[in-house]
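These notes are about the structure you will find just below.
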Amino acid sequence: MMVSRELFCRVNASVFNRMFHSQKRNLSVSTALWSTKRIPSLADVPPHDDGRYFQQNRPSEGDNKNEGNDQESDNSTLVSHQSTANSLIKSFLYGSEESRKDQEKLERSYSTQLMRGKYVHEIAFHKVKPECGPEYVDLISDVYPQIAADPLNKCHLVGSWRTVVGDIDTFVHIWEYKGYSGFHETYYRIHQEPKFIKYLNDLRPLLQSRSTELMQEFSFWGGTAAPRHLGGIFELRSYNLMPGRLLEWESSWKKGIECRRQVMEPVGAWFTQLGELNRVHHLWQFADLEHRKVSREKCWELPGWADNVHDTVELIYHMQANILVALPFSPLKV
């Protein structure tokens, strides 16, 4: 029996439509499943994980008496050899007992001299697609204040800014945590929140790139500024130092900082501990660019400032100055 061309076309169209809609439904299901997948994060690492990394939580000497005796003996011998080797290396490198004491003081300096208090600061850089700026600001304006206001989170927001001179389309955020444990506990907690996961999914398409660094305050600084509304602009100065020269930087800079305090409004000074290392950030506040210019000129009139610049410039291999304006919800703002 002959089938008309019209009937043949209708049948084929019907089959095609059923196949198309079936594939579309499958694609929608696959997309939904993909969107719920999680990549590894601190949400997978509970804070205060059972203490197995600490010596006091290891099995006591009486435990497992009949197992591992040979291994324990081998480990003790290895530790003894390593200790002897380290002593010989230090003796070779640093010579006299006095030199070794100086080196030990230097090694301790990063924890006892440079760092201030128990706080850890995170600086986050978000490079936003130029066309997505307004949408990005709306998104974080909703989420960031909620994170900062939640008393269960061990953090507070120091400030959020947009770069207007320098690395354009970059937004900068600084958070303060109650130590590394506060950072970990806060990250772990907020990653359990569906709203935060949705925020991350909404955020990623708006960004070109992002990076973070964990920092600590210099001991000489006296503390990051509390929330205030002085007006004006902010300057974030970032210095990349030669490896191993941070202590020299700190020794020189703490002398010159008093000069700048006389003519500028300080916000904070930090050195990095994680992320890009050997890096120093300073944040200052000015009424406007003219006020910044006049303030910097006055520094050169103060005793000690020229010596400070001379002593520190040779420790730097890269430096950058960005002018920032605060976002509407920022605790530090105009």
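We label chains A, B, ... in the order they appear in the structure tokens, count residues from 1 in each chain, and number ligands from 1 in the order shown.
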
Please identify the helix (DSSP H, G or I) residues within segment 179-239 of chain A (assignment by DSSP from backbone atoms) and present them as a PyMOL selection string. chain A and resi 179-190+194-206

Output C-alpha atoms for every residue in that selection, as a PDB file, in the first residue's frame.
ATOM      1  CA  GLY A 179      42.738  32.558  64.804  1.00  0.00           C
ATOM      2  CA  TYR A 180      43.160  29.759  62.290  1.00  0.00           C
ATOM      3  CA  SER A 181      40.585  27.689  64.164  1.00  0.00           C
ATOM      4  CA  GLY A 182      38.073  30.509  63.721  1.00  0.00           C
ATOM      5  CA  PHE A 183      38.808  30.628  60.001  1.00  0.00           C
ATOM      6  CA  HIS A 184      38.370  26.875  59.607  1.00  0.00           C
ATOM      7  CA  GLU A 185      35.243  26.656  61.757  1.00  0.00           C
ATOM      8  CA  THR A 186      33.607  29.554  59.925  1.00  0.00           C
ATOM      9  CA  TYR A 187      34.388  28.144  56.489  1.00  0.00           C
ATOM     10  CA  TYR A 188      33.175  24.712  57.547  1.00  0.00           C
ATOM     11  CA  ARG A 189      29.938  26.119  58.920  1.00  0.00           C
ATOM     12  CA  ILE A 190      28.972  28.398  56.038  1.00  0.00           C
ATOM     13  CA  PRO A 194      22.363  25.872  51.151  1.00  0.00           C
ATOM     14  CA  LYS A 195      22.125  29.635  50.716  1.00  0.00           C
ATOM     15  CA  PHE A 196      25.912  29.949  50.700  1.00  0.00           C
ATOM     16  CA  ILE A 197      26.248  27.156  48.140  1.00  0.00           C
ATOM     17  CA  LYS A 198      23.710  28.942  45.971  1.00  0.00           C
ATOM     18  CA  TYR A 199      25.741  32.143  46.401  1.00  0.00           C
ATOM     19  CA  LEU A 200      28.880  30.353  45.171  1.00  0.00           C
ATOM     20  CA  ASN A 201      27.017  28.988  42.140  1.00  0.00           C
ATOM     21  CA  ASP A 202      25.723  32.477  41.355  1.00  0.00           C
ATOM     22  CA  LEU A 203      29.119  34.055  41.943  1.00  0.00           C
ATOM     23  CA  ARG A 204      31.323  31.939  39.683  1.00  0.00           C
ATOM     24  CA  PRO A 205      29.837  33.035  36.330  1.00  0.00           C
ATOM     25  CA  LEU A 206      30.477  36.681  37.281  1.00  0.00           C
TER      26      LEU A 206
END

Non-local contacts of His126 of chain A (10 Å; only C-alpha atoms; under 5 positions in same chain excluded) as a PyMOL selection string: chain A and resi 136+162+169-173+203+206-212

Need the shell around segment 215-227 of chain A: protein/DNA/RNA residues with any atom at most 9 Å away, counting only C-alpha atoms. Skip same-chain ones fewer than 5 positions apart. Format as a PyMOL selection string? chain A and resi 112-123+158-159+250+254+257+266-275+280-281+330-333

Any chance you can output those residues with N, CA and C atoms as a short mmCIF file (atom, residue, chain, number, x, y, z; two decimals), in the first residue's frame?
data_model
loop_
_atom_site.label_atom_id
_atom_site.label_comp_id
_atom_site.auth_asym_id
_atom_site.auth_seq_id
_atom_site.Cartn_x
_atom_site.Cartn_y
_atom_site.Cartn_z
N THR A 112 56.95 35.43 67.59
CA THR A 112 56.95 36.21 68.83
C THR A 112 57.15 37.70 68.62
N GLN A 113 57.73 38.10 67.50
CA GLN A 113 58.02 39.52 67.27
C GLN A 113 57.12 40.12 66.20
N LEU A 114 56.95 39.43 65.09
CA LEU A 114 56.21 40.02 63.98
C LEU A 114 54.70 40.01 64.21
N MET A 115 54.18 38.88 64.69
CA MET A 115 52.73 38.71 64.77
C MET A 115 52.14 39.45 65.96
N ARG A 116 50.92 39.96 65.75
CA ARG A 116 50.20 40.61 66.82
C ARG A 116 48.95 39.81 67.15
N GLY A 117 48.80 39.44 68.42
CA GLY A 117 47.56 38.86 68.90
C GLY A 117 47.20 37.53 68.28
N LYS A 118 45.92 37.19 68.42
CA LYS A 118 45.42 35.88 68.03
C LYS A 118 44.60 35.92 66.75
N TYR A 119 44.55 37.06 66.08
CA TYR A 119 43.67 37.19 64.93
C TYR A 119 44.37 36.82 63.62
N VAL A 120 43.60 36.24 62.73
CA VAL A 120 44.05 35.94 61.37
C VAL A 120 43.16 36.71 60.41
N HIS A 121 43.76 37.33 59.42
CA HIS A 121 43.00 38.10 58.44
C HIS A 121 43.09 37.43 57.07
N GLU A 122 41.98 37.47 56.37
CA GLU A 122 41.92 36.96 55.00
C GLU A 122 41.67 38.13 54.07
N ILE A 123 42.50 38.23 53.04
CA ILE A 123 42.24 39.22 51.99
C ILE A 123 41.87 38.46 50.73
N VAL A 158 36.08 43.31 57.95
CA VAL A 158 36.81 44.57 58.12
C VAL A 158 36.32 45.58 57.08
N GLY A 159 36.25 45.15 55.82
CA GLY A 159 35.80 46.06 54.78
C GLY A 159 35.74 45.40 53.42
N GLU A 250 60.42 44.58 58.68
CA GLU A 250 59.69 44.95 59.89
C GLU A 250 60.54 45.85 60.78
N LYS A 254 58.93 49.69 61.21
CA LYS A 254 58.30 50.12 62.47
C LYS A 254 58.90 51.44 62.97
N ILE A 257 57.05 54.07 60.52
CA ILE A 257 55.59 54.14 60.57
C ILE A 257 55.11 55.33 61.39
N PRO A 266 45.96 55.53 59.32
CA PRO A 266 46.22 54.11 59.04
C PRO A 266 45.00 53.24 59.28
N VAL A 267 44.90 52.17 58.51
CA VAL A 267 43.82 51.20 58.69
C VAL A 267 44.37 49.86 59.16
N GLY A 268 45.37 49.33 58.46
CA GLY A 268 45.94 48.04 58.85
C GLY A 268 47.22 47.74 58.11
N ALA A 269 48.01 46.82 58.67
CA ALA A 269 49.26 46.36 58.04
C ALA A 269 49.42 44.88 58.35
N TRP A 270 49.63 44.09 57.31
CA TRP A 270 49.68 42.64 57.46
C TRP A 270 50.81 42.05 56.62
N PHE A 271 51.24 40.85 57.02
CA PHE A 271 52.15 40.06 56.18
C PHE A 271 51.52 38.69 55.97
N THR A 272 51.73 38.12 54.79
CA THR A 272 51.03 36.89 54.41
C THR A 272 51.65 35.67 55.07
N GLN A 273 50.79 34.72 55.39
CA GLN A 273 51.19 33.43 55.94
C GLN A 273 50.84 32.27 55.00
N LEU A 274 49.78 32.45 54.23
CA LEU A 274 49.36 31.45 53.25
C LEU A 274 48.90 32.19 52.00
N GLY A 275 49.05 31.53 50.86
CA GLY A 275 48.79 32.19 49.59
C GLY A 275 50.12 32.65 49.01
N VAL A 280 53.57 41.91 51.79
CA VAL A 280 53.10 42.82 52.83
C VAL A 280 52.02 43.71 52.23
N HIS A 281 50.94 43.92 53.00
CA HIS A 281 49.87 44.82 52.59
C HIS A 281 49.70 45.92 53.64
N SER A 330 30.12 48.10 53.53
CA SER A 330 31.43 47.94 54.17
C SER A 330 31.47 48.63 55.53
N PRO A 331 31.95 47.94 56.59
CA PRO A 331 32.10 48.59 57.89
C PRO A 331 33.06 49.79 57.84
N LEU A 332 34.12 49.68 57.05
CA LEU A 332 35.02 50.81 56.79
C LEU A 332 34.59 51.41 55.46
N LYS A 333 34.09 52.64 55.49
CA LYS A 333 33.60 53.21 54.24
C LYS A 333 33.65 54.73 54.29
#

As number ranges by chain, which residues of segment 216-291 of chain A does DSSP assign to strand (DSSP E or B)? A: 216-218, 228-229, 233-241, 265-274, 279-286

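The coordinates place atom CA of Leu241 of chain A at 27.0 Å from atom CA of Val294 of chain A.
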